[in-house]
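Chemist: Contents of work01.txt (compact mmCIF, C-alpha atoms):
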# COMPACT_ATOMS: atom_id res chain seq x y z
CA MET V 7 76.57 33.98 47.38
CA ALA V 8 76.86 30.22 47.03
CA ASP V 9 77.08 27.98 50.08
CA LEU V 10 80.69 26.87 50.50
CA ARG V 11 80.06 24.64 53.51
CA VAL V 12 81.09 21.02 53.09
CA ASN V 13 80.34 17.77 54.83
CA PHE V 14 83.29 15.60 53.93
CA ALA V 15 82.77 12.01 55.07
CA GLY V 16 81.00 13.40 58.14
CA ILE V 17 83.57 16.13 58.79
CA LYS V 18 81.90 19.55 58.57
CA ALA V 19 83.73 22.73 57.63
CA PRO V 20 82.74 26.27 56.59
CA ASN V 21 84.49 25.84 53.23
CA PRO V 22 86.45 23.18 51.29
CA PHE V 23 89.82 24.94 51.68
CA TRP V 24 91.96 23.05 54.18
CA LEU V 25 95.63 23.29 55.02
CA ALA V 26 97.45 20.04 54.35
CA SER V 27 99.52 18.26 56.98
CA ALA V 28 102.83 20.09 56.62
CA PRO V 29 104.91 22.92 58.12
CA PRO V 30 101.95 25.39 58.05
CA THR V 31 100.05 23.16 60.52
CA ASN V 32 102.93 22.49 62.87
CA SER V 33 101.43 24.27 65.89
CA GLY V 34 98.25 25.57 67.44
CA TYR V 35 99.44 29.14 66.89
CA GLN V 36 99.68 28.56 63.14
CA VAL V 37 96.41 26.67 62.75
CA GLN V 38 94.50 29.28 64.73
CA ARG V 39 96.00 32.06 62.59
CA ALA V 40 94.92 30.12 59.51
CA PHE V 41 91.34 29.80 60.77
CA GLU V 42 91.27 33.51 61.52
CA ALA V 43 92.37 34.12 57.91
CA GLY V 44 89.45 32.05 56.59
CA TRP V 45 90.68 28.47 56.10
CA GLY V 46 87.89 25.98 56.63
CA GLY V 47 90.00 23.17 58.04
CA ALA V 48 93.49 21.98 58.80
CA VAL V 49 95.21 18.61 58.90
CA TRP V 50 97.68 18.82 61.77
CA LYS V 51 101.32 18.09 60.97
CA THR V 52 101.75 14.33 61.30
CA LEU V 53 101.81 13.02 64.86
CA GLY V 54 103.86 10.03 65.98
CA ASP V 55 107.03 9.41 67.88
CA PRO V 56 108.85 12.77 67.60
CA ILE V 57 111.90 12.73 65.35
CA ILE V 58 114.94 14.95 64.79
CA ASN V 59 114.69 17.00 61.61
CA THR V 60 117.68 18.15 59.58
CA SER V 61 118.91 21.71 59.29
CA SER V 62 118.66 22.68 55.61
CA ARG V 63 115.56 20.85 54.47
CA PHE V 64 113.78 22.78 51.70
CA ALA V 65 114.56 23.51 48.05
CA ALA V 66 112.56 24.89 45.16
CA MET V 67 112.41 24.80 41.38
CA HIS V 68 112.13 28.25 39.83
CA PHE V 69 111.14 28.26 36.16
CA ASN V 70 111.09 31.01 33.58
CA GLY V 71 110.83 33.77 36.15
CA GLN V 72 108.26 32.02 38.33
CA ARG V 73 109.39 31.43 41.90
CA VAL V 74 108.56 28.07 43.46
CA ALA V 75 107.12 26.34 40.42
CA GLY V 76 107.98 23.18 42.36
CA PHE V 77 108.95 22.60 45.97
CA ASN V 78 111.12 19.87 47.50
CA ASN V 79 111.57 18.97 51.14
CA ILE V 80 113.35 16.41 53.32
CA GLU V 81 111.42 17.36 56.45
CA LEU V 82 109.79 14.54 58.41
CA ILE V 83 106.83 14.34 60.80
CA THR V 84 106.49 16.45 63.94
CA ASP V 85 109.56 17.01 66.04
CA ARG V 86 107.43 18.29 68.93
CA PRO V 87 106.26 16.09 71.84
CA LEU V 88 102.95 14.34 71.25
CA GLU V 89 101.48 15.71 74.49
CA VAL V 90 102.21 19.29 73.39
CA ASN V 91 100.53 18.76 70.02
CA LEU V 92 97.48 17.14 71.60
CA LYS V 93 97.12 20.00 74.09
CA GLU V 94 97.25 22.55 71.26
CA ILE V 95 94.76 20.54 69.18
CA TYR V 96 92.35 20.60 72.13
CA GLU V 97 92.78 24.35 72.58
CA THR V 98 92.37 25.03 68.85
CA LYS V 99 89.22 22.97 68.52
CA LYS V 100 87.73 24.61 71.62
CA ARG V 101 88.37 28.06 70.15
CA PHE V 102 87.19 27.15 66.64
CA PRO V 103 84.42 24.55 67.14
CA ASN V 104 83.01 24.96 63.62
CA HIS V 105 86.30 24.44 61.79
CA ALA V 106 87.61 21.03 60.78
CA VAL V 107 90.62 19.83 62.76
CA ILE V 108 92.03 16.55 61.48
CA ALA V 109 94.96 14.72 63.06
CA SER V 110 97.49 13.22 60.67
CA LEU V 111 98.95 10.05 62.19
CA MET V 112 101.93 7.82 61.49
CA VAL V 113 103.19 4.95 63.63
CA GLU V 114 104.85 1.60 63.17
CA PRO V 115 102.71 -1.02 61.43
CA LYS V 116 101.58 -2.57 64.70
CA GLN V 117 97.97 -2.90 65.82
CA GLU V 118 98.54 -1.70 69.38
CA LYS V 119 100.45 1.38 68.13
CA TRP V 120 97.54 2.42 65.93
CA HIS V 121 94.99 1.84 68.67
CA GLU V 122 97.01 3.92 71.11
CA ILE V 123 97.55 6.99 68.93
CA VAL V 124 94.00 6.97 67.54
CA LYS V 125 92.56 7.06 71.06
CA LYS V 126 94.91 9.85 72.14
CA ALA V 127 94.11 11.99 69.07
CA GLU V 128 90.37 11.56 69.47
CA ALA V 129 90.56 12.38 73.16
CA ALA V 130 91.97 15.76 72.11
CA GLY V 131 88.75 16.49 70.21
CA VAL V 132 89.69 16.06 66.56
CA ASP V 133 86.97 15.86 63.92
CA GLY V 134 88.75 13.13 61.98
CA LEU V 135 91.96 11.23 61.40
CA GLU V 136 94.25 11.11 58.36
CA LEU V 137 96.55 8.09 58.17
CA ASN V 138 99.82 9.18 56.55
CA PHE V 139 100.83 6.37 54.18
CA GLY V 140 102.51 8.78 51.80
CA CYS V 141 105.68 10.38 53.20
CA PRO V 142 108.39 9.20 50.75
CA HIS V 143 111.54 10.01 52.72
CA GLY V 144 112.99 9.48 56.16
CA MET V 145 109.98 7.72 57.63
CA ALA V 146 109.86 5.22 54.77
CA GLU V 147 113.32 4.01 55.78
CA ARG V 148 111.77 3.17 59.16
CA GLY V 149 108.99 1.07 57.62
CA MET V 150 106.36 3.79 57.73
CA GLY V 151 104.93 6.35 55.31
CA ALA V 152 105.34 5.35 51.66
CA ALA V 153 106.94 2.04 52.71
CA SER V 154 103.48 1.07 53.96
CA GLY V 155 101.59 3.07 51.35
CA GLN V 156 103.14 1.17 48.44
CA VAL V 157 101.89 -2.19 49.73
CA PRO V 158 98.11 -2.64 49.41
CA GLU V 159 98.03 -5.35 52.07
CA LEU V 160 99.66 -3.01 54.60
CA VAL V 161 97.31 -0.17 53.67
CA GLU V 162 94.29 -2.40 54.23
CA LYS V 163 95.59 -3.89 57.46
CA GLN V 164 96.62 -0.61 59.09
CA THR V 165 93.43 1.11 58.00
CA MET V 166 91.51 -1.70 59.66
CA TRP V 167 93.54 -1.32 62.86
CA ALA V 168 92.83 2.43 62.97
CA LYS V 169 89.13 1.85 62.32
CA GLU V 170 88.96 -0.65 65.18
CA ALA V 171 89.78 2.12 67.64
CA ALA V 172 88.31 5.16 65.85
CA SER V 173 84.96 6.80 66.43
CA THR V 174 85.65 9.71 64.05
CA PRO V 175 86.01 9.46 60.24
CA VAL V 176 89.27 7.91 58.99
CA ILE V 177 90.92 9.37 55.88
CA VAL V 178 93.76 7.41 54.25
CA LYS V 179 96.44 9.57 52.62
CA LEU V 180 97.92 7.80 49.62
CA THR V 181 101.38 7.91 48.11
CA PRO V 182 101.79 8.80 44.40
CA ASN V 183 105.01 6.78 44.28
CA ILE V 184 103.23 3.75 42.89
CA THR V 185 102.21 2.47 39.46
CA ASP V 186 98.45 2.37 40.06
CA ILE V 187 97.04 4.46 42.90
CA THR V 188 93.63 2.82 42.55
CA ALA V 189 95.15 -0.39 43.93
CA THR V 190 96.00 1.22 47.26
CA ALA V 191 92.78 3.26 47.20
CA TRP V 192 90.86 -0.01 46.91
CA ALA V 193 92.91 -1.46 49.76
CA ALA V 194 91.91 1.52 51.91
CA VAL V 195 88.26 0.88 51.05
CA GLN V 196 88.67 -2.77 51.99
CA GLY V 197 90.15 -1.68 55.31
CA GLY V 198 87.07 0.41 56.04
CA ALA V 199 88.35 3.90 55.24
CA ASP V 200 85.72 6.63 55.27
CA ALA V 201 87.67 8.70 52.73
CA ILE V 202 91.00 8.98 50.95
CA SER V 203 93.29 11.94 50.32
CA MET V 204 95.87 12.35 47.57
CA ILE V 205 98.52 12.98 46.63
CA ASN V 206 101.37 13.05 49.07
CA THR V 207 104.73 14.19 47.72
CA ILE V 208 106.65 12.61 44.84
CA ASN V 209 110.18 11.18 45.17
CA SER V 210 112.56 13.85 43.94
CA LEU V 211 115.96 15.49 43.97
CA ALA V 212 115.66 19.26 43.52
CA GLY V 213 119.04 19.76 41.91
CA VAL V 214 122.83 19.81 42.08
CA ASP V 215 124.97 22.88 42.83
CA LEU V 216 127.33 23.13 39.86
CA ASP V 217 129.92 25.04 41.87
CA THR V 218 130.17 22.79 44.94
CA TRP V 219 128.74 19.57 43.42
CA ASN V 220 126.50 19.24 46.47
CA THR V 221 122.90 18.19 46.19
CA VAL V 222 120.21 20.82 46.81
CA PRO V 223 119.45 20.87 49.68
CA ASN V 224 122.44 19.33 51.41
CA VAL V 225 123.20 18.52 55.02
CA ALA V 226 126.92 18.85 55.76
CA GLY V 227 127.75 17.97 52.17
CA LYS V 228 125.36 15.02 51.84
CA GLY V 229 121.87 14.85 50.36
CA ALA V 230 118.92 12.51 50.11
CA HIS V 231 115.81 12.24 47.99
CA GLY V 232 112.88 14.29 49.22
CA GLY V 233 109.22 14.91 48.46
CA TYR V 234 108.14 17.09 45.52
CA CYS V 235 105.03 19.26 45.57
CA GLY V 236 103.80 22.64 44.37
CA PRO V 237 102.26 23.80 41.05
CA ALA V 238 104.44 21.42 39.00
CA VAL V 239 102.75 18.31 40.42
CA LYS V 240 99.17 19.45 39.82
CA PRO V 241 98.59 17.46 36.59
CA ILE V 242 99.84 14.27 38.27
CA ALA V 243 97.65 14.82 41.30
CA LEU V 244 94.59 15.73 39.22
CA ASN V 245 94.92 12.52 37.20
CA MET V 246 95.21 10.36 40.31
CA VAL V 247 92.15 11.99 41.87
CA ALA V 248 90.27 11.44 38.60
CA GLU V 249 91.30 7.79 38.33
CA CYS V 250 89.98 7.09 41.83
CA ALA V 251 86.84 9.17 41.36
CA ARG V 252 85.82 7.28 38.22
CA ASN V 253 86.60 3.86 39.66
CA PRO V 254 83.31 2.33 40.89
CA GLU V 255 85.19 0.23 43.44
CA VAL V 256 86.66 3.33 45.09
CA ASN V 257 83.33 4.80 46.06
CA ILE V 258 84.33 7.01 49.01
CA PRO V 259 85.01 10.78 49.30
CA ILE V 260 88.33 12.17 48.09
CA SER V 261 90.30 15.10 49.48
CA GLY V 262 92.41 16.53 46.66
CA ILE V 263 96.01 17.60 47.25
CA GLY V 264 98.80 18.62 44.90
CA GLY V 265 99.73 22.01 43.46
CA ILE V 266 96.51 23.81 44.39
CA SER V 267 97.37 27.51 44.41
CA THR V 268 94.21 29.32 43.29
CA TRP V 269 90.43 28.94 43.33
CA ARG V 270 90.67 27.75 39.74
CA ASP V 271 92.94 24.87 40.74
CA ALA V 272 90.52 24.01 43.54
CA ALA V 273 87.54 24.08 41.18
CA GLU V 274 89.30 21.66 38.83
CA PHE V 275 89.95 19.19 41.64
CA ILE V 276 86.35 19.50 42.82
CA LEU V 277 85.06 18.93 39.28
CA MET V 278 87.23 15.81 39.12
CA GLY V 279 85.66 14.40 42.27
CA ALA V 280 87.31 16.03 45.30
CA GLY V 281 84.98 16.90 48.17
CA SER V 282 87.62 19.06 49.86
CA VAL V 283 91.02 20.39 48.83
CA GLN V 284 94.23 20.69 50.82
CA VAL V 285 96.88 23.35 50.28
CA CYS V 286 100.48 23.55 51.46
CA THR V 287 103.06 25.02 49.07
CA ALA V 288 100.99 28.05 48.05
CA ALA V 289 100.46 28.96 51.70
CA MET V 290 104.19 28.56 52.37
CA HIS V 291 104.93 30.80 49.39
CA HIS V 292 102.35 33.53 49.94
CA GLY V 293 100.98 33.16 53.47
CA PHE V 294 97.58 32.26 54.89
CA SER V 295 95.80 35.26 53.34
CA ILE V 296 95.64 33.58 49.92
CA VAL V 297 92.49 31.82 51.11
CA GLU V 298 90.56 35.08 50.81
CA ASP V 299 90.95 35.09 47.02
CA MET V 300 90.19 31.36 46.92
CA ILE V 301 86.91 31.87 48.77
CA ASP V 302 85.87 34.90 46.71
CA GLY V 303 86.86 33.28 43.43
CA LEU V 304 85.02 30.02 44.08
CA ASN V 305 81.96 31.94 45.28
CA HIS V 306 81.79 34.02 42.10
CA TYR V 307 82.43 30.98 39.93
CA LEU V 308 79.57 29.04 41.51
CA ASP V 309 77.30 32.05 41.09
CA SER V 310 78.27 32.31 37.42
CA LYS V 311 77.31 28.65 36.96
CA GLN V 312 74.08 29.20 38.91
CA LEU V 313 75.03 26.61 41.51
CA ALA V 314 73.70 27.08 45.03
CA SER V 315 76.47 25.18 46.80
CA VAL V 316 79.97 23.88 46.26
CA GLU V 317 78.75 20.33 46.78
CA GLU V 318 76.76 20.63 43.53
CA LEU V 319 80.07 20.98 41.68
CA ILE V 320 81.68 17.81 43.00
CA GLY V 321 82.49 15.27 40.28
CA LYS V 322 80.74 17.02 37.37
CA THR V 323 83.67 16.27 35.02
CA VAL V 324 84.21 12.67 36.15
CA PRO V 325 81.85 11.13 33.52
CA ARG V 326 83.84 12.92 30.83
CA TYR V 327 87.12 11.31 31.89
CA SER V 328 87.60 8.05 30.04
CA ASN V 329 90.07 5.61 28.52
CA TRP V 330 91.94 6.43 25.32
CA GLY V 331 90.15 3.59 23.55
CA ASP V 332 86.81 5.32 24.10
CA LEU V 333 87.80 8.61 22.44
CA ASP V 334 86.18 9.58 19.13
CA LEU V 335 88.86 9.13 16.46
CA ASN V 336 86.73 11.00 13.91
CA PHE V 337 86.53 14.15 16.02
CA LYS V 338 88.63 16.80 14.30
CA VAL V 339 89.85 20.28 15.15
CA VAL V 340 92.15 22.50 13.11
CA ALA V 341 94.09 25.63 13.96
CA ARG V 342 93.05 29.00 12.57
CA ILE V 343 95.18 32.10 12.92
CA ASN V 344 93.53 35.46 13.58
CA GLU V 345 95.50 37.93 11.48
CA GLU V 346 94.12 40.90 13.42
CA THR V 347 95.65 39.76 16.72
CA CYS V 348 98.69 37.86 15.39
CA ILE V 349 101.94 39.71 16.21
CA ASN V 350 104.00 37.75 13.65
CA CYS V 351 106.43 36.37 16.20
CA ASN V 352 106.49 33.15 14.11
CA LYS V 353 106.65 30.89 17.18
CA CYS V 354 103.76 28.80 15.85
CA TYR V 355 105.46 28.46 12.45
CA ILE V 356 108.76 27.37 14.00
CA ALA V 357 107.10 24.90 16.35
CA CYS V 358 104.98 23.35 13.62
CA GLU V 359 107.78 23.28 11.05
CA ASP V 360 110.42 21.80 13.36
CA THR V 361 108.47 19.55 15.71
CA ALA V 362 104.93 18.96 14.44
CA HIS V 363 103.30 18.53 11.02
CA GLN V 364 104.60 21.36 8.79
CA CYS V 365 101.14 22.74 8.04
CA ILE V 366 101.64 26.47 8.73
CA GLU V 367 102.66 28.51 5.72
CA MET V 368 104.44 31.88 5.70
CA LEU V 369 102.77 33.93 2.96
CA LYS V 370 102.81 37.46 1.57
CA SER V 371 99.80 39.66 0.90
CA PRO V 372 99.50 41.64 -2.36
CA GLY V 373 100.79 44.61 -0.41
CA GLY V 374 103.91 42.71 0.59
CA ASN V 375 102.99 42.10 4.22
CA LYS V 376 103.92 38.71 5.65
CA PHE V 377 101.22 36.61 7.28
CA LEU V 378 100.77 33.03 8.53
CA GLN V 379 98.09 30.63 7.38
CA VAL V 380 97.26 27.08 8.38
CA ARG V 381 96.90 24.50 5.64
CA GLU V 382 93.87 22.93 7.26
CA GLU V 383 93.80 19.72 5.21
CA ASP V 384 97.16 18.79 6.74
CA CYS V 385 96.49 20.04 10.27
CA VAL V 386 95.99 17.21 12.78
CA GLY V 387 94.71 19.47 15.56
CA CYS V 388 97.60 18.75 17.92
CA ASN V 389 97.21 22.17 19.67
CA LEU V 390 100.98 22.87 19.68
CA CYS V 391 100.71 26.17 17.80
CA SER V 392 98.05 27.52 20.17
CA ILE V 393 100.12 26.39 23.17
CA VAL V 394 103.30 28.24 22.12
CA CYS V 395 101.44 31.34 20.90
CA PRO V 396 102.06 34.24 23.34
CA VAL V 397 98.81 36.07 22.45
CA ASP V 398 95.47 34.83 23.73
CA GLY V 399 92.97 34.46 20.89
CA ALA V 400 95.53 34.72 18.10
CA ILE V 401 95.14 31.01 17.32
CA ASN V 402 91.88 29.16 17.82
CA MET V 403 91.21 25.46 17.53
CA ILE V 404 88.07 25.03 15.45
CA GLU V 405 85.97 21.87 15.22
CA ILE V 406 85.16 20.77 11.67
CA PRO V 407 82.86 17.96 10.41
CA ASN V 408 84.66 14.64 9.95
CA GLY V 409 82.18 11.78 9.82
CA PRO V 410 80.25 9.82 12.43
CA PRO V 411 81.82 9.04 15.83
CA MET V 412 84.17 6.07 15.93
CA THR V 413 86.33 4.85 18.79
CA TRP V 414 89.27 2.47 18.68
CA ASN V 415 87.34 -0.01 20.84
CA GLU V 416 84.36 0.11 18.48
CA ARG V 417 86.68 -0.33 15.51
CA GLN V 418 88.30 -3.40 17.06
CA LYS V 419 84.91 -4.94 17.78
CA ALA V 420 83.85 -4.35 14.17
CA ILE V 421 87.04 -5.96 12.86
CA LYS V 422 86.48 -9.05 15.03
CA GLN V 423 82.86 -9.49 13.94
CA PRO V 424 82.52 -12.65 11.85
CA THR V 425 81.51 -12.05 8.27
CA ALA V 426 78.24 -13.52 6.95
Please render this file's structure as structure tokens.

Modeler:
Amino acid sequence: MADLRVNFAGIKAPNPFWLASAPPTNSGYQVQRAFEAGWGGAVWKTLGDPIINTSSRFAAMHFNGQRVAGFNNIELITDRPLEVNLKEIYETKKRFPNHAVIASLMVEPKQEKWHEIVKKAEAAGVDGLELNFGCPHGMAERGMGAASGQVPELVEKQTMWAKEAASTPVIVKLTPNITDITATAWAAVQGGADAISMINTINSLAGVDLDTWNTVPNVAGKGAHGGYCGPAVKPIALNMVAECARNPEVNIPISGIGGISTWRDAAEFILMGAGSVQVCTAAMHHGFSIVEDMIDGLNHYLDSKQLASVEELIGKTVPRYSNWGDLDLNFKVVARINEETCINCNKCYIACEDTAHQCIEMLKSPGGNKFLQVREEDCVGCNLCSIVCPVDGAINMIEIPNGPPMTWNERQKAIKQPTA
């Protein structure tokens, strides 16, 4: 079996599967249960001045029969005394010395506050620190969380303050509620961060109850925006990880977070540059035991690719992630329908006829049977028909010759060349 051990910015763990700072890491009891189940690390639920959480704090988006396609919460940082958390961190690390225990921290943007909490967390024996600059609700109204994470100067300054007092690796957790996450990632680098993690939750409102007109969730008839996570945010998170991983100025390890539910999701984040992955919603939905399938699946996948360790997989797809202007405009694929597996549901025909390029024809065989055929000269290779098709393999996208490679950037350069 492949070696799943990781050394993330100096933090060692038996595998890359960590629990994110969230309700599943609220106590020593939970984190120890998670380690017993097989999780390689855990980022403790954010420490700071304890707050009062609301009653009624979670909501979910269910879609097309799938429970918890997206998850929304208005829960804040720990509501337990700091001393209690630190005592449980110490006990957990003593019992599980080979597992990664990272303290998530959030305090006011004051140098002395950061120095104080960093020293207290490290005295409890943590392997590293994660600075929470991402929480989009509740704490942001107090000048912390995303309120700091959206301002590069504050990210840099507070990272620097934490580094002044820290002797363990410092990870900066970034907010996705920003136009360009590489700007705050660069600020974290400038502040001396050893690594970054992303993404924290996205500003969201889960819904409105059409009977009562209350928001979902609501607290005594009033609601507030919360943080969105779960499978629905995975494409957003994957892009942000990729943007940082391919940016030469953000040259530090990345811990990937956002909608990771299976070993396949984890492998995608690792391929896009993540050196570890953090999970929350899937564990809340299915329990800690899901890590067993994640470990087995990633192991078998690495074996199938003849890779000896998970660290050999990190970033393999990053060089293939580029700007639109560098894509080959002469590359061409067309759809081909496999009549043997097509069930004649006509979803591809309807989708193409109504919303794409009207290049699928409904024909009849000499025997009178109806069948669908793509008019390849008019097909632009948009993939829509294969996406809506309910049968795997019934529609394939086939590459066809279409001239030498040509990008938009190359074309613009050629146009601007002076003529002889």

Chemist: Near Val394 in chain V, within 9 Å and counting all atoms listed in the file, which residues show up once chain neighbours fewer than 2 positions away are dropped, as a compact mmCIF listing (two decimals) with C-alpha atoms, in the coordinates of the input?

Modeler:
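The new file out01.txt reads:
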# COMPACT_ATOMS: atom_id res chain seq x y z
CA LYS V 353 106.65 30.89 17.18
CA CYS V 354 103.76 28.80 15.85
CA ALA V 357 107.10 24.90 16.35
CA ASN V 389 97.21 22.17 19.67
CA LEU V 390 100.98 22.87 19.68
CA CYS V 391 100.71 26.17 17.80
CA SER V 392 98.05 27.52 20.17
CA PRO V 396 102.06 34.24 23.34

Chemist: Tell me which of V:Leu313, V:Ala288, V:Ala65, V:Ala191 sits closest to Glu255 in chain V, counting only C-alpha atoms.

Modeler: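 The answer is V:Ala191, which sits nearest to Glu255 in chain V.
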
Chemist: Find the spatial neighbours of range 51-63 of chain V, counting only C-alpha atoms, within a cut-off of 6 Å - ignore same-chain residues fewer than 4 positions away - and output them as a PyMOL selection string.

Modeler: chain V and resi 27-28+31-32+79-81+83-87+110-113

Chemist: Smallest atom-to-atom distance to Val340 in chain V: which of V:Met204, V:Val132, V:Ala66, V:Ile406, using only C-alpha atoms?

Modeler: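 Residue with the minimum atom-to-atom distance to Val340 in chain V: V:Ile406.
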
Chemist: Quick one: everything within 7 Å of Cys250 in chain V, counting all atoms listed in the file, minus sequence neighbours fewer than 4 positions away in the same chain. Send it as a VMD selection string.

Modeler: chain V and resid 188 246 256

Chemist: Just checking: using only C-alpha atoms, which residue out of V:Lys228, V:Val297, V:Glu128, V:Ile260 ends up closest to Val178 in chain V?

Modeler: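 Using only C-alpha atoms, Val178 in chain V sits closest to V:Ile260.
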
Chemist: Skipping near chain neighbours, those fewer than 6 positions away, what residues fall within 8 Å of Tyr355 in chain V using all atoms listed in the file, listed as a PDB file with C-alpha atoms, in the frame of the given file?

Modeler:
ATOM      1  CA  ILE V 366     101.640  26.470   8.730  1.00  0.00           C
ATOM      2  CA  GLU V 367     102.660  28.510   5.720  1.00  0.00           C
ATOM      3  CA  MET V 368     104.440  31.880   5.700  1.00  0.00           C
ATOM      4  CA  LEU V 378     100.770  33.030   8.530  1.00  0.00           C
ATOM      5  CA  CYS V 391     100.710  26.170  17.800  1.00  0.00           C
TER       6      CYS V 391
END

Chemist: Could you write out as lines of an AutoDock Vina configuration file the box around range 313-322 of chain V (axis-aligned, all atoms listed in the file, 8 Å on each side), with centre and edge lengths in Å to one decimal?

Modeler:
center_x = 78.1
center_y = 21.2
center_z = 42.1
size_x = 24.8
size_y = 27.8
size_z = 25.4

Chemist: For Gly140 in chain V, which residue out of V:Asn183, V:Gln72, V:Thr165, V:Ser295 is the nearest one, using all atoms listed in the file?

Modeler: V:Asn183

Chemist: Would you please work out which residue, of V:Gln117, V:Asn336, V:Asn91, V:Ser282, is nearest to Pro20 in chain V when using all atoms listed in the file?

Modeler: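 Result for the nearest residue to Pro20 in chain V: V:Ser282.
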
Chemist: Around (93.0, 28.6, 43.8) in the file's frame, which residues reach within 9 Å when counting all atoms listed in the file? Return as a list in words?

Modeler: Ile266, Ser267, Thr268, Trp269, Arg270, Asp271, Ala272, Ala273, Ile296, Val297, Asp299, Met300, Ile301, Gly303 and Leu304 of chain V

Chemist: Separation of CA of Ile95 in chain V and CA of Val176 in chain V, in Å?

Modeler: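 Value for the CA of Ile95 in chain V-CA of Val176 in chain V distance: 17.1 Å.
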
Chemist: Compare V:Lys100, V:Asn13, V:Val380, V:Asp217 by their minimum atom-to-atom distance to Glu359 in chain V, counting all atoms listed in the file, and give me the closest one.

Modeler: V:Val380

Chemist: Would you mind putting N, CA and C atoms back on range 146-161 of chain V and writing the result as a PDB file, in the frame of the given file?

Modeler:
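What ended up in result30.pdb:
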ATOM      1  N   ALA V 146     109.956   6.456  55.554  1.00  0.00           N
ATOM      2  CA  ALA V 146     109.860   5.220  54.770  1.00  0.00           C
ATOM      3  C   ALA V 146     111.008   4.269  55.105  1.00  0.00           C
ATOM      4  N   GLU V 147     112.181   4.839  55.402  1.00  0.00           N
ATOM      5  CA  GLU V 147     113.320   4.010  55.780  1.00  0.00           C
ATOM      6  C   GLU V 147     113.092   3.304  57.117  1.00  0.00           C
ATOM      7  N   ARG V 148     112.093   3.776  57.866  1.00  0.00           N
ATOM      8  CA  ARG V 148     111.770   3.170  59.160  1.00  0.00           C
ATOM      9  C   ARG V 148     110.544   2.261  59.071  1.00  0.00           C
ATOM     10  N   GLY V 149     110.121   1.981  57.820  1.00  0.00           N
ATOM     11  CA  GLY V 149     108.990   1.070  57.620  1.00  0.00           C
ATOM     12  C   GLY V 149     107.637   1.736  57.661  1.00  0.00           C
ATOM     13  N   MET V 150     107.622   3.067  57.674  1.00  0.00           N
ATOM     14  CA  MET V 150     106.360   3.790  57.730  1.00  0.00           C
ATOM     15  C   MET V 150     106.175   4.637  56.470  1.00  0.00           C
ATOM     16  N   GLY V 151     105.157   5.479  56.455  1.00  0.00           N
ATOM     17  CA  GLY V 151     104.930   6.350  55.310  1.00  0.00           C
ATOM     18  C   GLY V 151     104.751   5.572  54.027  1.00  0.00           C
ATOM     19  N   ALA V 152     105.489   5.980  52.971  1.00  0.00           N
ATOM     20  CA  ALA V 152     105.340   5.350  51.660  1.00  0.00           C
ATOM     21  C   ALA V 152     105.723   3.880  51.670  1.00  0.00           C
ATOM     22  N   ALA V 153     106.579   3.465  52.619  1.00  0.00           N
ATOM     23  CA  ALA V 153     106.940   2.040  52.710  1.00  0.00           C
ATOM     24  C   ALA V 153     105.694   1.202  52.970  1.00  0.00           C
ATOM     25  N   SER V 154     104.766   1.737  53.749  1.00  0.00           N
ATOM     26  CA  SER V 154     103.480   1.070  53.960  1.00  0.00           C
ATOM     27  C   SER V 154     102.523   1.369  52.813  1.00  0.00           C
ATOM     28  N   GLY V 155     102.550   2.627  52.356  1.00  0.00           N
ATOM     29  CA  GLY V 155     101.590   3.070  51.350  1.00  0.00           C
ATOM     30  C   GLY V 155     101.753   2.441  49.989  1.00  0.00           C
ATOM     31  N   GLN V 156     102.910   1.823  49.732  1.00  0.00           N
ATOM     32  CA  GLN V 156     103.140   1.170  48.440  1.00  0.00           C
ATOM     33  C   GLN V 156     102.718  -0.300  48.454  1.00  0.00           C
ATOM     34  N   VAL V 157     102.277  -0.785  49.596  1.00  0.00           N
ATOM     35  CA  VAL V 157     101.890  -2.190  49.730  1.00  0.00           C
ATOM     36  C   VAL V 157     100.406  -2.265  50.082  1.00  0.00           C
ATOM     37  N   PRO V 158      99.545  -2.630  49.137  1.00  0.00           N
ATOM     38  CA  PRO V 158      98.110  -2.640  49.410  1.00  0.00           C
ATOM     39  C   PRO V 158      97.712  -3.413  50.654  1.00  0.00           C
ATOM     40  N   GLU V 159      98.383  -4.544  50.893  1.00  0.00           N
ATOM     41  CA  GLU V 159      98.030  -5.350  52.070  1.00  0.00           C
ATOM     42  C   GLU V 159      98.282  -4.587  53.367  1.00  0.00           C
ATOM     43  N   LEU V 160      99.369  -3.806  53.416  1.00  0.00           N
ATOM     44  CA  LEU V 160      99.660  -3.010  54.600  1.00  0.00           C
ATOM     45  C   LEU V 160      98.697  -1.836  54.754  1.00  0.00           C
ATOM     46  N   VAL V 161      98.303  -1.247  53.623  1.00  0.00           N
ATOM     47  CA  VAL V 161      97.310  -0.170  53.670  1.00  0.00           C
ATOM     48  C   VAL V 161      96.009  -0.691  54.245  1.00  0.00           C
TER      49      VAL V 161
END
